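Colleague: So I've got this file, protein_5.cif, and it contains mmCIF, C-alpha atoms:
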data_final
#
loop_
_atom_site.label_atom_id
_atom_site.label_comp_id
_atom_site.auth_asym_id
_atom_site.auth_seq_id
_atom_site.Cartn_x
_atom_site.Cartn_y
_atom_site.Cartn_z
CA MET N 385 -114.25 -93.09 32.26
CA LYS N 386 -116.76 -95.86 31.50
CA CYS N 387 -119.08 -94.50 34.20
CA SER N 388 -118.87 -91.08 32.61
CA LEU N 389 -119.74 -92.44 29.19
CA MET N 390 -122.59 -94.50 30.60
CA LEU N 391 -123.98 -91.47 32.46
CA SER N 392 -123.70 -89.34 29.34
CA SER N 393 -125.50 -91.97 27.25
CA LEU N 394 -128.20 -92.31 29.91
CA MET N 395 -128.78 -88.54 30.02
CA THR N 396 -128.94 -88.37 26.22
CA ALA N 397 -131.51 -91.17 26.14
CA LEU N 398 -133.52 -89.49 28.90
CA PHE N 399 -133.61 -86.16 27.01
CA ALA N 400 -134.63 -87.98 23.82
CA VAL N 401 -137.52 -89.73 25.58
CA THR N 402 -138.63 -86.42 27.15
CA ALA N 403 -138.52 -84.65 23.76
CA VAL N 404 -140.62 -87.38 22.14
CA ALA N 405 -143.13 -87.25 25.00
CA ASN N 406 -143.43 -83.48 24.71
CA ALA N 407 -143.82 -83.72 20.94
CA ASN N 408 -146.69 -86.18 21.37
CA GLU N 409 -148.57 -83.93 23.82
CA PRO N 410 -151.58 -82.25 22.22
CA ALA N 411 -151.09 -78.53 21.57
CA LYS N 412 -152.97 -76.31 23.99
CA VAL N 413 -155.91 -74.63 22.28
CA ALA N 414 -156.63 -71.04 23.31
CA TYR N 415 -159.93 -70.63 25.17
CA LYS N 416 -162.52 -69.28 22.73
CA GLY N 417 -165.22 -68.44 25.22
CA ASP N 418 -168.55 -70.00 26.21
CA PRO N 419 -171.57 -68.22 24.68
CA ALA N 420 -173.88 -69.52 27.41
CA LYS N 421 -171.71 -68.02 30.14
CA GLY N 422 -171.43 -64.83 28.12
CA GLN N 423 -175.20 -64.59 27.82
CA ALA N 424 -175.56 -64.69 31.59
CA ILE N 425 -173.47 -61.52 31.81
CA GLY N 426 -174.58 -59.84 28.59
CA SER N 427 -178.31 -60.17 29.22
CA THR N 428 -178.04 -58.69 32.72
CA VAL N 429 -175.08 -56.29 32.82
CA CYS N 430 -174.73 -55.16 29.19
CA VAL N 431 -178.44 -55.04 28.44
CA ALA N 432 -178.98 -51.39 29.46
CA CYS N 433 -176.64 -50.02 26.80
CA HIS N 434 -176.33 -52.74 24.16
CA ALA N 435 -179.60 -54.71 24.57
CA ALA N 436 -179.73 -58.34 25.63
CA ASP N 437 -178.73 -59.65 22.18
CA GLY N 438 -176.26 -56.90 21.35
CA ASN N 439 -178.61 -55.02 19.04
CA SER N 440 -178.41 -51.65 20.73
CA THR N 441 -181.26 -49.23 20.08
CA ILE N 442 -179.21 -46.20 21.12
CA SER N 443 -176.94 -44.81 18.40
CA ALA N 444 -174.27 -43.69 20.87
CA ASN N 445 -173.80 -47.33 21.89
CA PRO N 446 -172.55 -49.69 19.15
CA LYS N 447 -174.31 -52.81 17.99
CA LEU N 448 -172.30 -55.80 19.23
CA ALA N 449 -174.42 -58.53 17.64
CA GLY N 450 -172.55 -60.34 14.89
CA GLN N 451 -169.29 -58.53 15.56
CA ASN N 452 -166.07 -60.51 15.21
CA ALA N 453 -165.32 -62.23 18.53
CA ASP N 454 -161.60 -61.44 18.38
CA TYR N 455 -162.35 -57.76 17.82
CA LEU N 456 -164.82 -57.65 20.72
CA TYR N 457 -162.28 -59.33 22.99
CA LYS N 458 -159.55 -56.87 21.94
CA GLN N 459 -161.76 -53.87 22.64
CA MET N 460 -162.64 -55.17 26.10
CA THR N 461 -158.97 -55.72 26.94
CA ASN N 462 -158.21 -52.22 25.65
CA PHE N 463 -160.85 -50.78 27.99
CA LYS N 464 -159.22 -52.48 31.01
CA SER N 465 -156.66 -50.69 33.13
CA LEU N 466 -153.67 -52.89 33.94
CA GLY N 467 -151.26 -52.14 36.73
CA GLY N 468 -152.87 -48.79 37.42
CA LYS N 469 -151.97 -47.53 33.94
CA GLN N 470 -154.37 -45.64 31.71
CA PRO N 471 -156.21 -48.10 29.44
CA ASP N 472 -155.47 -48.13 25.73
CA ARG N 473 -159.04 -47.05 25.02
CA VAL N 474 -160.46 -44.42 27.36
CA ASN N 475 -164.20 -44.33 27.97
CA ALA N 476 -165.65 -43.25 31.29
CA ILE N 477 -168.44 -45.84 31.18
CA MET N 478 -166.72 -48.84 29.63
CA ASN N 479 -163.52 -48.51 31.67
CA GLY N 480 -165.57 -49.01 34.81
CA MET N 481 -167.94 -51.62 33.41
CA ILE N 482 -165.24 -54.00 32.16
CA ALA N 483 -162.95 -53.66 35.18
CA PRO N 484 -164.39 -56.56 37.25
CA TYR N 485 -164.26 -59.16 34.49
CA SER N 486 -161.57 -61.76 33.97
CA ASP N 487 -159.95 -62.68 30.68
CA GLU N 488 -162.13 -65.78 30.49
CA GLN N 489 -165.32 -63.79 31.10
CA MET N 490 -164.40 -61.29 28.40
CA ARG N 491 -163.94 -64.16 25.96
CA ASP N 492 -167.33 -65.54 27.04
CA LEU N 493 -168.97 -62.19 26.30
CA ALA N 494 -167.21 -61.94 22.94
CA ALA N 495 -168.36 -65.45 22.01
CA TYR N 496 -171.95 -64.68 22.98
CA PHE N 497 -172.35 -61.38 21.15
CA SER N 498 -170.53 -62.58 18.03
CA ALA N 499 -173.01 -65.47 17.77
CA GLN N 500 -176.01 -63.12 17.68
CA THR N 501 -177.63 -61.86 14.47
CA GLN N 502 -177.22 -58.17 13.82
CA LYS N 503 -180.29 -56.05 13.07
CA GLY N 504 -178.70 -53.63 10.63
CA GLU N 505 -179.39 -49.96 10.13
CA ILE N 506 -180.23 -48.17 6.87
CA ALA N 507 -178.63 -45.39 4.85
CA ARG N 508 -180.79 -42.30 5.35
CA ASN N 509 -179.23 -39.53 3.27
CA ARG N 510 -179.90 -40.01 -0.45
CA GLU N 511 -177.98 -36.85 -1.30
CA THR N 512 -174.66 -38.31 -0.11
CA ILE N 513 -175.16 -42.00 -0.89
CA GLU N 514 -173.10 -41.83 -4.09
CA GLN N 515 -170.21 -40.04 -2.36
CA GLY N 516 -170.30 -42.49 0.53
CA GLN N 517 -170.32 -45.46 -1.82
CA LYS N 518 -167.33 -44.13 -3.77
CA LEU N 519 -165.30 -43.55 -0.62
CA PHE N 520 -166.16 -46.98 0.73
CA ARG N 521 -165.47 -48.89 -2.48
CA ALA N 522 -162.64 -46.90 -4.04
CA GLY N 523 -161.35 -44.35 -1.54
CA SER N 524 -159.75 -41.25 -3.01
CA MET N 525 -156.56 -41.55 -5.04
CA ALA N 526 -156.06 -37.80 -4.98
CA LYS N 527 -156.01 -37.75 -1.18
CA GLY N 528 -154.19 -41.05 -0.74
CA LEU N 529 -157.30 -42.38 0.98
CA PRO N 530 -157.70 -46.18 0.79
CA ALA N 531 -161.05 -47.83 0.18
CA CYS N 532 -162.81 -48.94 3.37
CA ALA N 533 -163.71 -52.17 1.56
CA SER N 534 -160.06 -53.12 1.22
CA CYS N 535 -159.91 -53.91 4.94
CA HIS N 536 -163.53 -54.30 6.00
CA GLY N 537 -164.77 -56.24 2.97
CA PRO N 538 -167.28 -55.34 0.23
CA ALA N 539 -170.25 -55.66 2.60
CA GLY N 540 -168.47 -54.28 5.67
CA ALA N 541 -168.40 -57.72 7.33
CA GLY N 542 -164.78 -57.28 8.40
CA MET N 543 -162.06 -59.88 8.66
CA PRO N 544 -161.89 -61.90 11.92
CA ALA N 545 -158.95 -61.10 14.19
CA GLN N 546 -157.96 -58.18 11.97
CA PHE N 547 -160.72 -55.74 11.06
CA PRO N 548 -164.15 -55.27 12.66
CA ARG N 549 -167.56 -55.61 11.12
CA ILE N 550 -168.87 -52.13 10.32
CA GLY N 551 -171.74 -52.84 7.92
CA GLY N 552 -175.15 -52.20 9.51
CA GLN N 553 -173.66 -50.22 12.40
CA PHE N 554 -175.21 -46.92 13.52
CA ALA N 555 -174.07 -44.09 11.22
CA GLU N 556 -173.81 -41.79 14.24
CA TYR N 557 -171.51 -44.20 16.05
CA LEU N 558 -169.30 -44.71 13.00
CA GLU N 559 -169.06 -40.96 12.49
CA ALA N 560 -168.12 -40.40 16.13
CA GLN N 561 -165.40 -43.07 16.00
CA LEU N 562 -163.86 -41.72 12.79
CA LYS N 563 -163.69 -38.26 14.33
CA SER N 564 -162.17 -39.73 17.49
CA PHE N 565 -159.48 -41.44 15.42
CA ARG N 566 -158.90 -38.18 13.55
CA ASP N 567 -158.30 -36.12 16.68
CA GLU N 568 -156.54 -39.09 18.35
CA SER N 569 -158.85 -39.19 21.33
CA ARG N 570 -159.16 -42.84 20.28
CA ALA N 571 -155.76 -44.38 19.65
CA ASN N 572 -156.06 -48.15 20.02
CA ASP N 573 -155.75 -48.89 16.31
CA PRO N 574 -152.68 -51.05 15.46
CA ASN N 575 -149.97 -49.12 13.62
CA LYS N 576 -152.20 -46.01 13.57
CA MET N 577 -154.10 -47.47 10.61
CA MET N 578 -157.41 -45.76 11.31
CA ARG N 579 -155.81 -42.52 12.47
CA MET N 580 -153.89 -42.25 9.20
CA VAL N 581 -157.15 -42.76 7.29
CA ALA N 582 -159.38 -40.47 9.33
CA ILE N 583 -156.94 -37.55 9.33
CA LYS N 584 -157.38 -37.31 5.55
CA MET N 585 -161.17 -37.06 5.75
CA THR N 586 -163.39 -34.01 6.04
CA ASP N 587 -166.50 -33.90 8.21
CA ILE N 588 -168.64 -34.16 5.07
CA GLU N 589 -166.77 -37.24 3.85
CA ILE N 590 -166.98 -38.89 7.26
CA LYS N 591 -170.72 -38.31 7.46
CA ALA N 592 -171.30 -39.56 3.90
CA VAL N 593 -169.34 -42.79 4.26
CA SER N 594 -170.79 -43.49 7.73
CA ASP N 595 -174.32 -43.20 6.38
CA TYR N 596 -173.50 -45.49 3.45
CA ILE N 597 -171.90 -48.12 5.71
CA ALA N 598 -174.97 -48.18 7.96
CA GLY N 599 -177.01 -49.54 5.05
CA LEU N 600 -174.61 -52.34 4.09
CA ARG N 601 -175.63 -55.97 4.51
#
Would you kindly transcribe this structure into structure tokens?
Modeller:
Amino acid sequence: MKCSLMLSSLMTALFAVTAVANANEPAKVAYKGDPAKGQAIGSTVCVACHAADGNSTISANPKLAGQNADYLYKQMTNFKSLGGKQPDRVNAIMNGMIAPYSDEQMRDLAAYFSAQTQKGEIARNRETIEQGQKLFRAGSMAKGLPACASCHGPAGAGMPAQFPRIGGQFAEYLEAQLKSFRDESRANDPNKMMRMVAIKMTDIEIKAVSDYIAGLR
């Protein structure tokens, strides 16, 4: 009986010591990426489509410079095919380009491009600037359309880990993505947030707000 009690007390003490030791261990910090390592990939592999610093000169390819690192990382993981399954975001070029890279390398790329300074675009259509501004800032109550600024911020800078930076992006790229969300050919938005927005927008509204956003700083 005494042996049993002694053993029980010993085990209790051992568990207590282990718990204290574990509690004193520093919490593991998630790897945030190394910009220098990301530059080595970005300035050689990504340069053809996005330019060495992420300031693409081709409107079909988005500007990556200054984009939120968490958003860039999410998009890269969405482009990857896991276990032979169709990726969450289908793109014939990007699905192949991102395939060879590890999780760590994707975080390196995200860290590099997010640290670059974006060279923003400009709003080009004066005839629709007022309509685009209204949609961005206030949405449309009649259509149940929320203001873009409510998620992406008053200057389109986005909110890290939640919503991407859209200010200064190519109007053509923004327009194409909104239409892709609307017809659900792009469906990697959490809780269908962008699909529910885009489905309420006409082509004219999409073009107007995209042009306005391109000029934001």
Colleague: When you draw a straight line from CA of Arg549 in chain N to CA of Pro471 in chain N, how long is it in Å?
Modeller: 22.8 Å
Colleague: Which one is closest to Ala541 in chain N: N:Asn452, N:Ser440, N:Thr586, N:Gln515? Count all atoms listed in the file.
Modeller: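 Using all atoms listed in the file, Ala541 in chain N sits closest to N:Asn452.
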Colleague: Name the residues captured by the PyMOL selection byres ((chain N and resi 498) around 6) when it is applied to the shown file; answer as a list in words.
Modeller: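 Those residues are Ala449, Gly450, Gln451, Asn452, Ala453, Ala494, Ala495, Tyr496, Phe497, Ala499 and Gln500 of chain N.
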Colleague: Wanna dump the range 507-557 of chain N-range 570-584 of chain N contacts at 10 Å for me, each residue with its shortest atom pair and the distance in Å to one decimal, counting all atoms listed in the file, ordered by chain and number, as CSV?
Modeller:
residue,atom,partner,partner_atom,distance
N:Gly523,CA,N:Val581,CA,9.9
N:Ser524,CA,N:Lys584,CA,9.7
N:Lys527,CA,N:Lys584,CA,6.9
N:Gly528,CA,N:Lys584,CA,8.0
N:Leu529,CA,N:Val581,CA,6.3
N:Pro530,CA,N:Val581,CA,7.4
N:Ala531,CA,N:Val581,CA,9.6
N:Cys532,CA,N:Val581,CA,9.3
N:Gln546,CA,N:Pro574,CA,9.5
N:Phe547,CA,N:Asp573,CA,10.0
Colleague: Once the PyMOL selection byres ((chain N and resi 591) around 12) has been evaluated on this model, what residues remain selected, and can you format them as a PyMOL selection string?
Modeller: chain N and resi 507-509+511-513+515-517+519-520+554-563+582+585-590+592-598
Colleague: List the spatial neighbours of Ile477 in chain N as a PyMOL selection string - criterion: any atom at most 12 Å away, only C-alpha atoms, same-chain residues fewer than 3 positions off excluded.
Modeller: chain N and resi 430+433+445+463-464+473-474+480-483
Colleague: In Å, rounded to a single decimal, give me how far CA of Gly417 in chain N is from CA of Ser465 in chain N.
Modeller: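 Interatomic distance, CA of Ser465 in chain N to CA of Gly417 in chain N: 21.2 Å.
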Colleague: Enter the distance from CA of Met490 in chain N to CA of Thr461 in chain N, in Å, rounded to one decimal.
Modeller: 7.9 Å
Colleague: Would you mind telling me which residue in N:Lys503, N:Gln459, N:Asn439, N:Lys412 lies nearest to Ser427 in chain N when using only C-alpha atoms?
Modeller: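 Of the candidates, the smallest distance to Ser427 in chain N is held by N:Asn439.
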